[in-house]
Amino acid sequence: MRTVLCVALLVASATVAAGDKAAQPITATGTMYFTFDSSSETAVDGVLFARFVPDATSMKRFRAVKSGSHPGEVRHISLEPAETVLEATLGKIQADRLAHGTEREIEVSVEVVLTNYKPIVECDTRAYYATLVSVKAMGEHRVASLAKAPHGC
């Protein structure tokens with residue numbers, strides 16, 4: 001009986017530890033990309049996506065699904081709601097200006113703290129999401145390079 005109880009406790013603690021892993025904060029550096037919603041050919045109206053791309057050093061902190069259904073590397077980590085992430089990154093005044101300006105996509109170097117990191121399947125491909133805890137811009141925003149900015153699912 002004692003052995004059964006010890007095994008049950010070990011299984012339960014392993015399950016709790018695995019569940020807590022997603023909630024543990026991850027500090028990383030990289031580039032935050034914001035994609036804005038086009039309201040016309042010359043203006044934008046709101047932010048559609050906030051996507052974080054870890055730099056090479058930070059990438060190893062984010063586990064990728066490498067087997068099973070829809071394996072896939074971490075290309076970017078989506079953060080929602082995008083409006084809140086934009087405001088946290090650049091401040092309310094700058095966020096409002098950009099969300100109703102003319103730039104379609106911007107990038108900014110950042111240091112972030114994320115939690116609730118999780119893989120999902122979206123558009124029949126692997127995607128990764130997290131919750132933003134904090135963000136610190138490491139410079140000014142700039143128009144994003146279309147070759148480097150994450151697109152699609």
# chains A, B, ... in the order shown; residues from 1 in each chain; ligands from 1
call {"tool": "residues_around", "arguments": {"residues": "Ala82 of chain A", "least_positions_apart": "4", "cutoff": "10 Å", "atoms": "only C-alpha atoms", "output": "list in words"}}
result
Phe34, Thr35, Phe36, Gly46, Val47, Leu48, Phe49, Ala50, Arg51, Ser78, Leu86, Glu87 and Ala88 of chain A
call {"tool": "write_last_selection", "arguments": {"atoms": "N, CA and C atoms", "output": "compact mmCIF listing (two decimals), in the first residue's frame"}}
result
# COMPACT_ATOMS: atom_id res chain seq x y z
N PHE A 34 4.50 44.20 -35.25
CA PHE A 34 3.09 44.57 -35.21
C PHE A 34 2.59 44.73 -36.63
N THR A 35 1.47 44.08 -36.93
CA THR A 35 0.83 44.20 -38.24
C THR A 35 -0.47 44.95 -38.04
N PHE A 36 -0.66 46.01 -38.82
CA PHE A 36 -1.84 46.86 -38.69
C PHE A 36 -2.88 46.53 -39.75
N GLY A 46 -6.17 50.28 -36.62
CA GLY A 46 -6.05 49.27 -35.58
C GLY A 46 -4.92 48.29 -35.85
N VAL A 47 -4.60 47.53 -34.83
CA VAL A 47 -3.52 46.54 -34.94
C VAL A 47 -4.12 45.15 -35.00
N LEU A 48 -3.66 44.34 -35.94
CA LEU A 48 -4.16 42.97 -36.10
C LEU A 48 -3.36 41.96 -35.29
N PHE A 49 -2.03 42.03 -35.40
CA PHE A 49 -1.19 40.99 -34.80
C PHE A 49 -0.02 41.61 -34.05
N ALA A 50 0.33 40.95 -32.95
CA ALA A 50 1.57 41.23 -32.22
C ALA A 50 2.29 39.89 -32.15
N ARG A 51 3.48 39.86 -32.76
CA ARG A 51 4.24 38.60 -32.82
C ARG A 51 5.67 38.85 -32.36
N SER A 78 2.80 34.39 -30.84
CA SER A 78 1.72 35.38 -30.93
C SER A 78 1.28 35.81 -29.54
N LEU A 86 0.85 46.37 -28.06
CA LEU A 86 1.39 47.57 -28.71
C LEU A 86 1.51 48.71 -27.70
N GLU A 87 0.48 48.92 -26.92
CA GLU A 87 0.49 49.99 -25.93
C GLU A 87 1.56 49.76 -24.86
N ALA A 88 1.70 48.51 -24.41
CA ALA A 88 2.72 48.19 -23.40
C ALA A 88 4.13 48.39 -23.96
call {"tool": "select_by_dssp", "arguments": {"residues": "segment 23-145 of chain A", "states": "strand (DSSP E)", "output": "PyMOL selection string"}}
result
chain A and resi 26-38+44-54+77-79+105-122+125-137+142-143
call {"tool": "residues_around", "arguments": {"residues": "Glu41 of chain A", "least_positions_apart": "2", "cutoff": "10 Å", "atoms": "only C-alpha atoms", "output": "ChimeraX atom specification"}}
result
/A:38-39,43-44,102,104
call {"tool": "residues_around", "arguments": {"residues": "Thr125 of chain A", "least_positions_apart": "6", "cutoff": "10 Å", "atoms": "only C-alpha atoms", "output": "ChimeraX atom specification"}}
result
/A:69-72,153
call {"tool": "atom_distance", "arguments": {"atom1": "atom CA of Ala127 of chain A", "atom2": "atom CA of Ser109 of chain A"}}
result
21.4 Å
call {"tool": "residues_around", "arguments": {"residues": "Val85 of chain A", "least_positions_apart": "5", "cutoff": "8 Å", "atoms": "only C-alpha atoms", "output": "list in words"}}
result
Ala50, Leu79, Glu80 and Leu132 of chain A
call {"tool": "write_last_selection", "arguments": {"atoms": "C-alpha atoms", "output": "PDB file, in the first residue's frame"}}
result
ATOM      1  CA  ALA A  50       1.567  41.233 -32.218  1.00  0.00           C
ATOM      2  CA  LEU A  79       0.545  37.668 -28.138  1.00  0.00           C
ATOM      3  CA  GLU A  80      -3.036  38.815 -27.580  1.00  0.00           C
ATOM      4  CA  LEU A 132       2.754  39.141 -22.056  1.00  0.00           C
TER       5      LEU A 132
END
call {"tool": "atom_distance", "arguments": {"atom1": "atom CA of Gly139 of chain A", "atom2": "atom CA of Met32 of chain A"}}
result
11.4 Å
call {"tool": "select_by_dssp", "arguments": {"residues": "segment 17-112 of chain A", "states": "alpha helix (DSSP H)", "output": "mmCIF file with N, CA and C atoms, in the first residue's frame"}}
result
data_model
loop_
_atom_site.group_PDB
_atom_site.id
_atom_site.type_symbol
_atom_site.label_atom_id
_atom_site.label_comp_id
_atom_site.auth_asym_id
_atom_site.auth_seq_id
_atom_site.Cartn_x
_atom_site.Cartn_y
_atom_site.Cartn_z
ATOM 1 N N ALA A 17 3.925 19.603 -11.736
ATOM 2 C CA ALA A 17 5.126 20.276 -12.224
ATOM 3 C C ALA A 17 5.029 20.551 -13.717
ATOM 4 N N ALA A 18 4.504 19.601 -14.481
ATOM 5 C CA ALA A 18 4.348 19.801 -15.920
ATOM 6 C C ALA A 18 3.340 20.902 -16.200
ATOM 7 N N GLY A 19 2.269 20.952 -15.434
ATOM 8 C CA GLY A 19 1.255 21.989 -15.618
ATOM 9 C C GLY A 19 1.775 23.365 -15.261
ATOM 10 N N ASP A 20 2.617 23.433 -14.244
ATOM 11 C CA ASP A 20 3.176 24.707 -13.807
ATOM 12 C C ASP A 20 4.196 25.251 -14.799
ATOM 13 N N LYS A 21 4.807 24.377 -15.608
ATOM 14 C CA LYS A 21 5.850 24.810 -16.535
ATOM 15 C C LYS A 21 5.361 25.894 -17.483
ATOM 16 N N ALA A 22 4.145 25.767 -17.994
ATOM 17 C CA ALA A 22 3.598 26.758 -18.923
ATOM 18 C C ALA A 22 3.403 28.105 -18.231
ATOM 19 N N ALA A 23 3.098 28.079 -16.937
ATOM 20 C CA ALA A 23 2.835 29.316 -16.205
ATOM 21 C C ALA A 23 4.118 29.996 -15.730
ATOM 22 N N ALA A 56 18.505 34.417 -31.346
ATOM 23 C CA ALA A 56 19.105 33.076 -31.304
ATOM 24 C C ALA A 56 19.383 32.607 -29.872
ATOM 25 N N THR A 57 19.824 33.516 -29.013
ATOM 26 C CA THR A 57 20.110 33.150 -27.628
ATOM 27 C C THR A 57 18.841 32.765 -26.880
ATOM 28 N N SER A 58 17.770 33.512 -27.083
ATOM 29 C CA SER A 58 16.518 33.270 -26.361
ATOM 30 C C SER A 58 15.698 32.123 -26.949
ATOM 31 N N MET A 59 15.892 31.809 -28.220
ATOM 32 C CA MET A 59 15.073 30.788 -28.878
ATOM 33 C C MET A 59 15.086 29.459 -28.131
ATOM 34 N N ALA A 82 -3.529 42.194 -29.259
ATOM 35 C CA ALA A 82 -2.452 42.926 -29.926
ATOM 36 C C ALA A 82 -2.415 44.398 -29.527
ATOM 37 N N GLU A 83 -3.591 45.006 -29.327
ATOM 38 C CA GLU A 83 -3.649 46.420 -28.946
ATOM 39 C C GLU A 83 -2.949 46.660 -27.612
ATOM 40 N N THR A 84 -3.171 45.771 -26.668
ATOM 41 C CA THR A 84 -2.575 45.889 -25.336
ATOM 42 C C THR A 84 -1.061 45.722 -25.414
ATOM 43 N N VAL A 85 -0.603 44.793 -26.247
ATOM 44 C CA VAL A 85 0.831 44.562 -26.410
ATOM 45 C C VAL A 85 1.498 45.780 -27.049
ATOM 46 N N LEU A 86 0.854 46.365 -28.057
ATOM 47 C CA LEU A 86 1.387 47.568 -28.708
ATOM 48 C C LEU A 86 1.514 48.708 -27.695
ATOM 49 N N GLU A 87 0.483 48.920 -26.922
ATOM 50 C CA GLU A 87 0.493 49.994 -25.927
ATOM 51 C C GLU A 87 1.561 49.755 -24.857
ATOM 52 N N ALA A 88 1.704 48.512 -24.409
ATOM 53 C CA ALA A 88 2.721 48.188 -23.401
ATOM 54 C C ALA A 88 4.130 48.389 -23.958
ATOM 55 N N THR A 89 4.307 48.142 -25.247
ATOM 56 C CA THR A 89 5.622 48.246 -25.872
ATOM 57 C C THR A 89 6.022 49.691 -26.148
ATOM 58 N N LEU A 90 5.086 50.487 -26.668
ATOM 59 C CA LEU A 90 5.437 51.835 -27.128
ATOM 60 C C LEU A 90 4.738 52.974 -26.401
ATOM 61 N N LYS A 92 0.865 54.577 -24.765
ATOM 62 C CA LYS A 92 -0.477 54.835 -25.297
ATOM 63 C C LYS A 92 -0.475 55.843 -26.450
ATOM 64 N N ILE A 93 0.221 56.941 -26.311
ATOM 65 C CA ILE A 93 0.205 57.979 -27.354
ATOM 66 C C ILE A 93 0.777 57.440 -28.665
ATOM 67 N N GLN A 94 1.935 56.812 -28.578
ATOM 68 C CA GLN A 94 2.563 56.250 -29.783
ATOM 69 C C GLN A 94 1.710 55.119 -30.369
ATOM 70 N N ALA A 95 1.131 54.282 -29.520
ATOM 71 C CA ALA A 95 0.283 53.185 -29.993
ATOM 72 C C ALA A 95 -0.929 53.722 -30.748
ATOM 73 N N ASP A 96 -1.577 54.751 -30.209
ATOM 74 C CA ASP A 96 -2.735 55.360 -30.889
ATOM 75 C C ASP A 96 -2.331 55.959 -32.233
ATOM 76 N N ARG A 97 -1.190 56.632 -32.273
ATOM 77 C CA ARG A 97 -0.721 57.231 -33.516
ATOM 78 C C ARG A 97 -0.455 56.166 -34.582
ATOM 79 N N LEU A 98 0.235 55.104 -34.196
ATOM 80 C CA LEU A 98 0.566 54.040 -35.150
ATOM 81 C C LEU A 98 -0.665 53.259 -35.595
ATOM 82 N N ALA A 99 -1.606 53.029 -34.684
ATOM 83 C CA ALA A 99 -2.808 52.254 -35.009
ATOM 84 C C ALA A 99 -3.728 52.990 -35.975
#
call {"tool": "atom_distance", "arguments": {"atom1": "atom CA of Asp55 of chain A", "atom2": "atom CA of Ala137 of chain A"}}
result
14.4 Å
call {"tool": "closest_residue", "arguments": {"among": "A:Ala149, A:Val65, A:Ile26, A:Val53", "to": "Pro119 of chain A", "atoms": "only C-alpha atoms"}}
result
A:Val65
call {"tool": "closest_residue", "arguments": {"among": "A:Tyr117, A:Glu73, A:Gly101, A:Gly152", "to": "Ser40 of chain A", "atoms": "only C-alpha atoms"}}
result
A:Gly101
